[in-house]
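Chemist: Hey, dropping start_5.tsv in here, TSV, C-alpha atoms:
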chain	number	residue	atom	x	y	z
A	1	MET	CA	-13.87	1.92	-60.23
A	2	ALA	CA	-16.65	3.26	-62.50
A	3	LYS	CA	-14.40	2.69	-65.53
A	4	GLN	CA	-13.79	-0.89	-64.44
A	5	ASP	CA	-17.53	-1.51	-63.88
A	6	ARG	CA	-18.27	-0.12	-67.34
A	7	ALA	CA	-15.64	-2.44	-68.87
A	8	VAL	CA	-17.20	-5.47	-67.13
A	9	ARG	CA	-20.69	-4.45	-68.34
A	10	THR	CA	-19.40	-3.93	-71.89
A	11	ARG	CA	-17.75	-7.35	-71.88
A	12	GLN	CA	-20.97	-8.97	-70.64
A	13	GLU	CA	-23.02	-7.14	-73.28
A	14	LEU	CA	-20.64	-8.36	-75.98
A	15	ILE	CA	-20.94	-11.94	-74.74
A	16	ARG	CA	-24.73	-11.65	-74.70
A	17	SER	CA	-24.80	-10.09	-78.17
A	18	ALA	CA	-22.50	-12.81	-79.52
A	19	ALA	CA	-24.69	-15.48	-77.94
A	20	THR	CA	-27.79	-13.93	-79.53
A	21	ALA	CA	-26.10	-13.88	-82.94
A	22	PHE	CA	-24.76	-17.44	-82.61
A	23	ASP	CA	-28.15	-18.67	-81.42
A	24	ARG	CA	-29.96	-17.00	-84.32
A	25	ASN	CA	-27.50	-17.47	-87.21
A	26	GLY	CA	-24.94	-20.04	-86.12
A	27	TYR	CA	-21.28	-19.29	-85.52
A	28	ALA	CA	-20.11	-18.98	-89.13
A	29	LEU	CA	-22.83	-16.57	-90.24
A	30	SER	CA	-22.50	-14.24	-87.24
A	31	SER	CA	-20.36	-11.18	-87.91
A	32	LEU	CA	-18.34	-9.08	-85.51
A	33	THR	CA	-20.12	-6.00	-86.88
A	34	GLU	CA	-23.50	-7.51	-85.99
A	35	ILE	CA	-22.21	-8.45	-82.53
A	36	SER	CA	-20.75	-5.02	-81.75
A	37	ARG	CA	-23.94	-3.35	-83.03
A	38	GLY	CA	-26.07	-5.65	-80.87
A	39	ALA	CA	-24.02	-4.71	-77.81
A	40	GLY	CA	-24.24	-1.01	-78.68
A	41	VAL	CA	-20.46	-0.57	-78.88
A	42	SER	CA	-17.93	0.24	-81.57
A	43	SER	CA	-15.89	-2.44	-83.30
A	44	GLY	CA	-12.86	-0.92	-81.53
A	45	ALA	CA	-14.48	-1.61	-78.16
A	46	LEU	CA	-15.22	-5.17	-79.24
A	47	HIS	CA	-11.57	-5.71	-80.23
A	48	PHE	CA	-10.42	-4.18	-76.94
A	49	HIS	CA	-12.23	-6.99	-75.09
A	50	PHE	CA	-11.95	-9.84	-77.61
A	51	SER	CA	-9.21	-10.37	-80.17
A	52	SER	CA	-11.39	-12.46	-82.49
A	53	LYS	CA	-14.75	-14.11	-83.05
A	54	GLN	CA	-13.15	-17.33	-81.76
A	55	ALA	CA	-12.34	-15.54	-78.48
A	56	LEU	CA	-15.96	-14.38	-78.26
A	57	GLY	CA	-17.20	-17.91	-78.90
A	58	SER	CA	-14.94	-19.21	-76.15
A	59	ALA	CA	-16.28	-16.55	-73.78
A	60	VAL	CA	-19.86	-17.60	-74.60
A	61	GLU	CA	-18.97	-21.23	-73.91
A	62	GLU	CA	-17.23	-20.38	-70.63
A	63	SER	CA	-20.16	-18.27	-69.44
A	64	ALA	CA	-22.61	-21.02	-70.42
A	65	ALA	CA	-20.46	-23.62	-68.64
A	66	GLN	CA	-20.60	-21.52	-65.48
A	67	SER	CA	-24.41	-21.32	-65.74
A	68	LEU	CA	-24.65	-25.08	-66.24
A	69	GLY	CA	-22.35	-25.57	-63.26
A	70	ASP	CA	-24.70	-23.46	-61.15
A	71	ILE	CA	-27.68	-25.57	-62.25
A	72	ILE	CA	-26.08	-28.92	-61.47
A	73	ALA	CA	-24.29	-27.75	-58.29
A	74	LEU	CA	-27.24	-28.14	-55.91
A	75	PRO	CA	-25.83	-30.23	-53.08
A	76	PRO	CA	-27.33	-33.76	-53.05
A	77	ARG	CA	-28.09	-33.52	-49.32
A	78	GLU	CA	-30.72	-30.90	-50.19
A	79	HIS	CA	-32.21	-33.46	-52.56
A	80	PRO	CA	-31.94	-36.80	-50.82
A	81	ALA	CA	-33.74	-38.74	-53.57
A	82	PRO	CA	-31.41	-38.93	-56.59
A	83	LEU	CA	-34.18	-39.59	-59.13
A	84	ARG	CA	-36.17	-36.62	-57.83
A	85	HIS	CA	-32.99	-34.56	-58.05
A	86	LEU	CA	-32.55	-35.69	-61.66
A	87	VAL	CA	-36.13	-34.76	-62.58
A	88	ASP	CA	-35.92	-31.36	-60.89
A	89	THR	CA	-32.54	-30.55	-62.41
A	90	SER	CA	-33.64	-31.55	-65.92
A	91	HIS	CA	-36.60	-29.18	-65.58
A	92	ALA	CA	-34.34	-26.42	-64.25
A	93	LEU	CA	-31.99	-26.87	-67.21
A	94	ALA	CA	-34.87	-26.84	-69.71
A	95	ARG	CA	-36.23	-23.61	-68.19
A	96	ARG	CA	-32.83	-21.95	-68.23
A	97	LEU	CA	-32.20	-23.04	-71.83
A	98	ASP	CA	-35.49	-21.40	-72.75
A	99	GLU	CA	-34.73	-18.15	-70.86
A	100	ASP	CA	-30.95	-17.72	-71.11
A	101	VAL	CA	-29.58	-17.05	-74.60
A	102	VAL	CA	-25.97	-17.40	-73.42
A	103	LEU	CA	-26.60	-20.87	-71.99
A	104	ARG	CA	-28.58	-21.87	-75.10
A	105	ALA	CA	-25.85	-20.59	-77.44
A	106	GLY	CA	-23.19	-22.40	-75.42
A	107	PHE	CA	-25.05	-25.67	-75.90
A	108	GLY	CA	-25.71	-24.79	-79.55
A	109	LEU	CA	-22.04	-24.23	-80.29
A	110	ALA	CA	-21.38	-27.88	-79.45
A	111	ALA	CA	-23.65	-28.88	-82.34
A	112	ASP	CA	-22.31	-26.24	-84.75
A	113	ALA	CA	-20.03	-27.85	-87.33
A	114	THR	CA	-18.25	-24.54	-87.91
A	115	TRP	CA	-17.26	-24.14	-84.26
A	116	MET	CA	-14.20	-25.74	-82.73
A	117	GLY	CA	-14.22	-25.04	-79.01
A	118	ASP	CA	-12.89	-26.65	-75.90
A	119	VAL	CA	-16.10	-26.93	-73.88
A	120	THR	CA	-18.81	-29.43	-74.68
A	121	LEU	CA	-21.74	-28.69	-72.42
A	122	TRP	CA	-23.77	-31.74	-73.47
A	123	ARG	CA	-20.90	-33.95	-72.28
A	124	THR	CA	-20.91	-32.15	-68.94
A	125	TRP	CA	-24.68	-32.62	-68.64
A	126	ARG	CA	-24.45	-36.28	-69.68
A	127	SER	CA	-21.68	-36.90	-67.14
A	128	TRP	CA	-23.78	-35.32	-64.37
A	129	VAL	CA	-26.79	-37.46	-65.37
A	130	ARG	CA	-24.56	-40.57	-65.25
A	131	THR	CA	-23.24	-39.62	-61.79
A	132	THR	CA	-26.77	-39.02	-60.48
A	133	LEU	CA	-28.09	-42.30	-61.90
A	134	THR	CA	-25.09	-44.14	-60.47
A	135	ARG	CA	-25.91	-42.63	-57.09
A	136	ALA	CA	-29.51	-43.79	-57.53
A	137	ARG	CA	-28.23	-47.32	-58.27
A	138	HIS	CA	-26.02	-47.32	-55.15
A	139	GLU	CA	-28.98	-46.16	-53.06
A	140	ALA	CA	-31.21	-48.88	-54.58
A	141	ALA	CA	-33.51	-46.22	-56.06
A	142	LEU	CA	-32.81	-47.26	-59.65
A	143	SER	CA	-34.39	-50.47	-60.84
A	144	PRO	CA	-31.67	-53.16	-61.05
A	145	ASP	CA	-32.71	-54.16	-64.58
A	146	VAL	CA	-32.14	-50.65	-66.00
A	147	PRO	CA	-28.78	-50.28	-67.77
A	148	ILE	CA	-27.35	-46.96	-66.58
A	149	GLU	CA	-25.95	-45.99	-69.99
A	150	ASP	CA	-29.36	-46.54	-71.63
A	151	ALA	CA	-30.99	-44.29	-69.03
A	152	VAL	CA	-28.23	-41.67	-69.46
A	153	SER	CA	-28.81	-41.63	-73.22
A	154	ALA	CA	-32.59	-41.35	-72.83
A	155	VAL	CA	-32.42	-38.50	-70.30
A	156	THR	CA	-29.80	-36.57	-72.27
A	157	ALA	CA	-31.75	-36.99	-75.51
A	158	ALA	CA	-35.03	-35.95	-73.86
A	159	VAL	CA	-33.59	-32.67	-72.60
A	160	VAL	CA	-31.82	-31.97	-75.91
A	161	GLY	CA	-34.92	-32.86	-77.90
A	162	ALA	CA	-37.32	-30.86	-75.76
A	163	GLN	CA	-35.12	-27.79	-76.08
A	164	ALA	CA	-34.54	-28.19	-79.82
A	165	LEU	CA	-38.21	-28.73	-80.65
A	166	GLY	CA	-39.20	-25.76	-78.50
A	167	ARG	CA	-37.01	-23.50	-80.62
A	168	PHE	CA	-38.78	-24.38	-83.84
A	169	ASP	CA	-42.38	-24.76	-82.72
A	170	VAL	CA	-43.91	-22.01	-80.59
A	171	GLU	CA	-46.68	-24.37	-79.50
A	172	TRP	CA	-44.17	-26.90	-78.18
A	173	SER	CA	-43.46	-26.55	-74.47
A	174	PRO	CA	-40.14	-28.06	-73.36
A	175	GLU	CA	-41.42	-28.02	-69.76
A	176	TYR	CA	-44.55	-29.98	-70.72
A	177	ALA	CA	-42.54	-32.37	-72.91
A	178	LEU	CA	-40.16	-33.15	-70.05
A	179	THR	CA	-43.05	-33.69	-67.66
A	180	GLN	CA	-44.55	-36.19	-70.11
A	181	PHE	CA	-41.15	-37.86	-70.53
A	182	TRP	CA	-40.71	-38.26	-66.78
A	183	ASN	CA	-44.30	-39.51	-66.33
A	184	LEU	CA	-43.44	-42.27	-68.77
A	185	MET	CA	-39.84	-42.86	-67.69
A	186	LEU	CA	-39.91	-42.76	-63.88
A	187	PRO	CA	-42.13	-45.82	-63.40
A	188	ARG	CA	-39.78	-47.74	-65.71
A	189	ILE	CA	-36.51	-46.83	-64.02
A	190	SER	CA	-37.52	-46.46	-60.39
A	191	ALA	CA	-36.87	-49.39	-58.09
A	192	MET	CA	-39.94	-48.32	-56.17
A	193	ALA	CA	-42.32	-48.68	-59.11
A	194	PRO	CA	-45.42	-50.77	-58.30
A	195	ALA	CA	-45.29	-54.38	-59.44
A	196	GLU	CA	-47.44	-55.23	-62.45
Before anything else, please render the file you have as structure tokens.
Modeler:
Amino acid sequence: MAKQDRAVRTRQELIRSAATAFDRNGYALSSLTEISRGAGVSSGALHFHFSSKQALGSAVEESAAQSLGDIIALPPREHPAPLRHLVDTSHALARRLDEDVVLRAGFGLAADATWMGDVTLWRTWRSWVRTTLTRARHEAALSPDVPIEDAVSAVTAAVVGAQALGRFDVEWSPEYALTQFWNLMLPRISAMAPAE
């Protein structure tokens, strides 16, 4: 059992090290030597767990997809107001992107021209946003004059943009940026906004 636990830990360390390398350098410029060194294992141990850098990239994506699934899996009945659920979940995703290098690298791989993977996390996020806004429309919480696809694009872009800007400017707070976005956006899209 101890051997099996050690193998699971080694695999997780390799995924984390790969994510750190991909996040810092991009997929193409990350080397297996750098990844094995970052995980504190030999290249033989790396190849025992992953046959190639492509297999490591896929493992990063799969792990990130699981994290995203956990974020968006909160049952709606615990959040009866769909727009509130959308706001809270966008903040939760922004926080996790800031804290979790595997999740961040998984999202980053989708924008990396040198990576060809099967999972596109931004599409998953966008689809969840669309489903939540559609629910808001059915519950008459979304203003009837708001095109759902326009709102989906705006919300997806706001989360992507807040995260991207936060990576390159230490003074930029994705959490603050999203709060400002929602302060501006919610009165526009909510059916319960006060009449002007």
Chemist: Which residue out of A:Val60, A:Phe22, A:Leu29, A:Val159 has the minimum interatomic distance to Ala94 (chain A) when all atoms listed in the file are used?
Modeler: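 Of the candidates, the smallest distance to Ala94 (chain A) is held by A:Val159.
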Chemist: Let me make sure I understand: among A:Ala7, A:Ala154, A:Ala111, A:Val119, which one has the smallest atom-to-atom distance to Ser58 (chain A) if we use only C-alpha atoms?
Modeler: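 When distances to Ser58 (chain A) are compared using only C-alpha atoms, the smallest one comes from A:Val119.
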Chemist: Any idea what's packed within 6 Å of Leu142 (chain A), counting only C-alpha atoms, ignoring anything in its chain fewer than 3 positions away? Could you give it as a PyMOL selection string?
Modeler: chain A and resi 136-137+189-191
Chemist: Which one is closest to Arg188 (chain A): A:Asp70, A:Asp23, A:Glu171, A:Asp145? Count all atoms listed in the file.
Modeler: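 Nearest candidate to Arg188 (chain A) out of A:Asp70, A:Asp23, A:Glu171, A:Asp145: A:Asp145.
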Chemist: Please report the interatomic distance between CA of Arg95 (chain A) and CA of Gln54 (chain A) in Å with one decimal.
Modeler: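 Going from CA of Arg95 (chain A) over to CA of Gln54 (chain A) covers 27.5 Å.
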Chemist: So how far away is CA of Leu32 (chain A) from CA of Thr10 (chain A), in Å?
Modeler: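 The value is 14.6 Å.
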Chemist: With distances taken over all atoms listed in the file, which residue among A:Gly26, A:Arg130, A:Arg123, A:Pro187 lies nearest Ser143 (chain A)?
Modeler: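 Ranked by minimum distance to Ser143 (chain A), first place goes to A:Pro187.
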Chemist: Between CA of Ala92 (chain A) and CA of Thr20 (chain A), measure the distance and give it in Å to one decimal.
Modeler: 20.8 Å
Chemist: What's the 12 Å shell around Ala157 (chain A), counting all atoms listed in the file, without same-chain residues fewer than 6 positions away, as a VMD selection string?
Modeler: chain A and resid 90 122 to 123 125 to 126 129 150 to 151 163 to 165 178 181
Chemist: Check the smallest atom-to-atom distance from each of A:Ser51, A:Ala19, A:Thr134, A:Ala105 to Glu149 (chain A) using only C-alpha atoms, then report the winner.
Modeler: A:Thr134
Chemist: Edge lengths and centre in Å to one decimal, as AutoDock Vina command-line options, of the axis-aligned box that encloses all listed atoms of region 109-124 of chain A with 6 Å added on every side?
Modeler:
--center_x -18.3 --center_y -29.0 --center_z -78.4 --size_x 22.9 --size_y 21.8 --size_z 31.0
Chemist: Neighbouring residues of Pro82 (chain A) were defined as those with any atom within 7 Å, considering only C-alpha atoms; residues of the same chain fewer than 3 positions away were excluded. Please report them as a PyMOL selection string.
Modeler: chain A and resi 79+85-86+132+135-136
Chemist: Can you tell me, as number ranges by chain, what residues are no more than 8 Å from Leu68 (chain A) when counting only C-alpha atoms, ignoring any on the same chain fewer than 4 positions away?
Modeler: A: 64, 72, 93, 103, 121, 125
Chemist: When you count all atoms listed in the file, which of these residues is closest to Asp100 (chain A): A:Arg16, A:Ser173, A:Met185, A:Val155?
Modeler: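 The answer is A:Arg16, which sits nearest to Asp100 (chain A).
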